[in-house]
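Novice: I am attaching a structure below and will ask some questions about it afterwards.
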Amino acid sequence: MLDIKLIRDSADWVRQRLASRHGGDEAKVGEVLSHDTRRRELITQVESLKAQKNKVSKEIGALMAQGKSEEADAKKEETRSIGDQISELDRQAQAAEQARNDLLMQLPNVPQETVPEGETEQENVLVRSWGNPPSFDFHPQAHIELCEALGLVDFARARKLAGSGFLLYRGWGARLERALGQFMVDLHTEEHGYSEISPPVLVNRDVMTGVGQFPKFSDQVYAVQEGEDPETLGRLFLIPTAEAPVANLHRDEILKAGDLPLNYCAQTPCFRAEAGAAGVGTRGMIRVHQFDKVELIKVVEPEQSAQALETMVREAETVLQRLGLTYRVLELCTGDIGFASAKTYDIEVWAPGQGQFLEVSSCSNCESFQARRMNLRYKSQGNSNRYPHVLNGSGTALARLYVALLETYQQSDGSVTIPEALASYLKADCLTPPS
């Protein structure tokens, strides 16, 4: 959530930065200020009436002491009338505050001024590349054919169990997914200093609102109903990413100055309804409703967040480097960054069978945007309460990483070699078609 003081003091700048997103949100700034001004005017009136009421109350005491009961009774009636006015103005002020806050919840974060200007993903900026796409002396297969030939993923039975957009790993396929997840969690916890978290995969509405999933993306999640009670529908939601529960770990808390930075890592299943999303119904692992992901969360002092983002990106890159996968890092333009983000880098891995790069990580600095929504603060060295900056990143998503791994390391005989960093986890250095 944006700071209302920032909007009051720098309304034109906020409009300009929101306009750079090309979503039309800058038009709401005037409404926010209108409700805010109305609220402040009403509060001023209330304070004035309270002062008037206190004055009249003192007069009542003096009149009673003088035995002027009739005049005192008239003053009492006056205080009741003032009290009624105060109650009504309080109600109006609360309504104005609610209207203002509802609009603030709908406004996305303002992009940092260093974020490249652009309207679509075509205007994202290449930051760096690593590795070279592998060359083959045979026609490389896509992951679907590899998974079916090696018996790794049963797409047909997954559809039978849950419909399109779901996966059923089996045998060595299930072991490979598990090995990839364990490799990444170990890397981030043992070498990068993250503390592992295993959070609930069901969370409440406040948690989803805290990270900015609600209200904007409420049509893209799976809402849960308890048994046959329809009144419980929408109290809990399947998480779209571990960012939701893990970033909210300290919501409504005031952390000590020495607590920061906080670094959390979690591997969880992620659920994306993505209603109407193109390609969800097609076969394969590129776009699915459920997938595992290793998520990274950092909570840092504001002065440290710029460097923390660069560090997080490098940590996610290490996963791909250890696996020997070709990738590139993109800085997203203003029109492509996420709702809660002030600055985002995407990491895309090369998938030879697809002939394209696939996004496997998105690392974002949300600055204080999420902390405000979660009411997360910390005590600064000066003993004042400040909002920390919250960062999130994929370290990385498993399904597309799985695709790139299979397609990169496929051999002419249909087998897939396993990179050294992963072989000890899988306890195998090659996957071969069943005889």
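FYI, nothing fancy with the structure tokens labels: chains A, B, ... in order, residues from 1 per chain, ligands from 1 as they appear.
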Leaving out Gln370 (chain A) and any residue of its chain fewer than 4 positions from it, which residues lie within 9 Å of it when counting only C-alpha atoms, given as a PDB file with C-alpha atoms, in the first residue's frame?

Specialist:
```pdb
ATOM      1  CA  MET A   1       0.000   0.000   0.000  1.00  0.00           C
ATOM      2  CA  THR A 209      -4.240  -8.880   0.946  1.00  0.00           C
ATOM      3  CA  GLY A 210      -0.933  -8.331   2.736  1.00  0.00           C
ATOM      4  CA  VAL A 211       1.202  -9.363  -0.239  1.00  0.00           C
ATOM      5  CA  GLY A 212      -1.038  -7.656  -2.800  1.00  0.00           C
ATOM      6  CA  ALA A 247       6.209 -12.727   3.782  1.00  0.00           C
ATOM      7  CA  ASN A 248       3.328 -12.481   6.282  1.00  0.00           C
ATOM      8  CA  ALA A 340       3.358  -4.991  -5.538  1.00  0.00           C
ATOM      9  CA  CYS A 366       8.440  -4.362  -3.038  1.00  0.00           C
ATOM     10  CA  MET A 374       0.733  -6.194   6.655  1.00  0.00           C
ATOM     11  CA  ASN A 375       1.380  -3.559   9.341  1.00  0.00           C
ATOM     12  CA  LEU A 376       4.915  -4.915   9.699  1.00  0.00           C
ATOM     13  CA  HIS A 389      11.425  -3.352   2.778  1.00  0.00           C
ATOM     14  CA  VAL A 390      10.209  -6.796   1.718  1.00  0.00           C
TER      15      VAL A 390
END
```

Novice: Can you measure CA of Pro200 (chain A) to CA of Arg157 (chain A) for me? One decimal in Å is fine.

Specialist: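 Interatomic distance here is 27.0 Å.
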
Novice: Find the residues around region 286-296 of chain A up to 8 Å (only C-alpha atoms counted), leave out those fewer than 2 positions away in its own chain, and share them as a PyMOL selection string.

Specialist: chain A and resi 165-167+181+184-185+194+241-243+263-274+279-280+284+298+312+392-400+403

Novice: Show me, as an mmCIF file with N, CA and C atoms, in the first residue's frame, the residues that have an atom within 12 Å of Arg17 (chain A) when counting only C-alpha atoms, minus same-chain residues fewer than 5 positions from it.

Specialist:
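around.cif, written as the output of this step:
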```
data_model
loop_
_atom_site.group_PDB
_atom_site.id
_atom_site.type_symbol
_atom_site.label_atom_id
_atom_site.label_comp_id
_atom_site.auth_asym_id
_atom_site.auth_seq_id
_atom_site.Cartn_x
_atom_site.Cartn_y
_atom_site.Cartn_z
ATOM 1 N N ILE A 7 1.460 10.524 -1.104
ATOM 2 C CA ILE A 7 0.468 10.981 -2.081
ATOM 3 C C ILE A 7 0.087 12.423 -1.810
ATOM 4 N N SER A 10 3.374 14.548 -2.694
ATOM 5 C CA SER A 10 3.957 14.427 -4.044
ATOM 6 C C SER A 10 2.956 13.799 -5.005
ATOM 7 N N ALA A 11 1.758 14.360 -5.036
ATOM 8 C CA ALA A 11 0.679 13.770 -5.838
ATOM 9 C C ALA A 11 1.041 13.692 -7.316
ATOM 10 N N ASP A 12 1.640 14.729 -7.852
ATOM 11 C CA ASP A 12 1.970 14.736 -9.280
ATOM 12 C C ASP A 12 3.022 13.671 -9.604
ATOM 13 N N HIS A 22 1.087 2.176 -17.318
ATOM 14 C CA HIS A 22 0.140 2.087 -18.430
ATOM 15 C C HIS A 22 -1.111 1.275 -18.051
ATOM 16 N N GLY A 23 -1.519 1.401 -16.773
ATOM 17 C CA GLY A 23 -2.727 0.703 -16.327
ATOM 18 C C GLY A 23 -3.876 1.628 -15.985
ATOM 19 N N GLY A 24 -3.664 2.936 -16.089
ATOM 20 C CA GLY A 24 -4.724 3.896 -15.799
ATOM 21 C C GLY A 24 -4.931 4.181 -14.319
ATOM 22 N N ASP A 25 -4.067 3.648 -13.445
ATOM 23 C CA ASP A 25 -4.275 3.814 -12.000
ATOM 24 C C ASP A 25 -4.039 5.244 -11.526
ATOM 25 N N GLU A 26 -3.331 6.036 -12.318
ATOM 26 C CA GLU A 26 -3.077 7.409 -11.907
ATOM 27 C C GLU A 26 -4.361 8.211 -11.735
ATOM 28 N N ALA A 27 -5.434 7.762 -12.409
ATOM 29 C CA ALA A 27 -6.716 8.471 -12.313
ATOM 30 C C ALA A 27 -7.331 8.352 -10.926
ATOM 31 N N VAL A 29 -5.721 8.658 -8.077
ATOM 32 C CA VAL A 29 -5.031 9.471 -7.084
ATOM 33 C C VAL A 29 -5.902 10.632 -6.622
ATOM 34 N N LEU A 107 -4.438 0.528 -5.585
ATOM 35 C CA LEU A 107 -3.323 1.156 -6.289
ATOM 36 C C LEU A 107 -2.092 0.265 -6.241
ATOM 37 N N PRO A 108 -1.429 0.042 -7.378
ATOM 38 C CA PRO A 108 -0.177 -0.727 -7.378
ATOM 39 C C PRO A 108 0.962 0.102 -6.825
ATOM 40 N N ASN A 109 2.086 -0.553 -6.615
ATOM 41 C CA ASN A 109 3.280 0.149 -6.157
ATOM 42 C C ASN A 109 3.788 1.076 -7.256
ATOM 43 N N VAL A 110 4.525 2.093 -6.854
ATOM 44 C CA VAL A 110 5.124 3.003 -7.845
ATOM 45 C C VAL A 110 6.476 2.436 -8.270
ATOM 46 N N PRO A 111 6.734 2.315 -9.563
ATOM 47 C CA PRO A 111 8.034 1.808 -10.020
ATOM 48 C C PRO A 111 9.155 2.768 -9.638
ATOM 49 N N GLN A 112 10.296 2.210 -9.295
ATOM 50 C CA GLN A 112 11.461 3.054 -9.065
ATOM 51 C C GLN A 112 11.799 3.817 -10.342
ATOM 52 N N GLU A 113 12.402 4.979 -10.188
ATOM 53 C CA GLU A 113 12.696 5.812 -11.354
ATOM 54 C C GLU A 113 13.749 5.187 -12.266
ATOM 55 N N THR A 114 14.512 4.224 -11.738
ATOM 56 C CA THR A 114 15.528 3.558 -12.563
ATOM 57 C C THR A 114 14.936 2.442 -13.431
ATOM 58 N N VAL A 115 13.672 2.080 -13.188
ATOM 59 C CA VAL A 115 13.039 1.010 -13.966
ATOM 60 C C VAL A 115 12.827 1.498 -15.395
ATOM 61 N N PRO A 116 13.212 0.711 -16.398
ATOM 62 C CA PRO A 116 13.051 1.158 -17.788
ATOM 63 C C PRO A 116 11.587 1.384 -18.153
ATOM 64 N N GLU A 117 11.353 2.452 -18.880
ATOM 65 C CA GLU A 117 9.996 2.775 -19.330
ATOM 66 C C GLU A 117 9.579 1.819 -20.431
ATOM 67 N N GLY A 118 8.343 1.354 -20.349
ATOM 68 C CA GLY A 118 7.839 0.453 -21.378
ATOM 69 C C GLY A 118 6.431 0.012 -21.058
ATOM 70 N N THR A 334 8.378 -0.765 -16.838
ATOM 71 C CA THR A 334 7.327 -0.246 -15.950
ATOM 72 C C THR A 334 5.962 -0.878 -16.214
ATOM 73 N N GLY A 335 5.707 -1.238 -17.464
ATOM 74 C CA GLY A 335 4.402 -1.810 -17.792
ATOM 75 C C GLY A 335 4.293 -3.291 -17.529
ATOM 76 N N ALA A 342 8.310 -2.653 -6.944
ATOM 77 C CA ALA A 342 8.891 -1.373 -7.357
ATOM 78 C C ALA A 342 10.008 -1.592 -8.364
#
```

Novice: How many Å separate CA of His139 (chain A) from CA of Gly151 (chain A)?

Specialist: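 One can read the CA of His139 (chain A) to CA of Gly151 (chain A) distance as 20.3 Å.
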
Novice: Skip Phe214 (chain A) itself and residues of its chain fewer than 4 positions away, then list as a ChimeraX atom specification all residues within 9 Å of it, counting only C-alpha atoms.

Specialist: /A:105-106,205-210,218
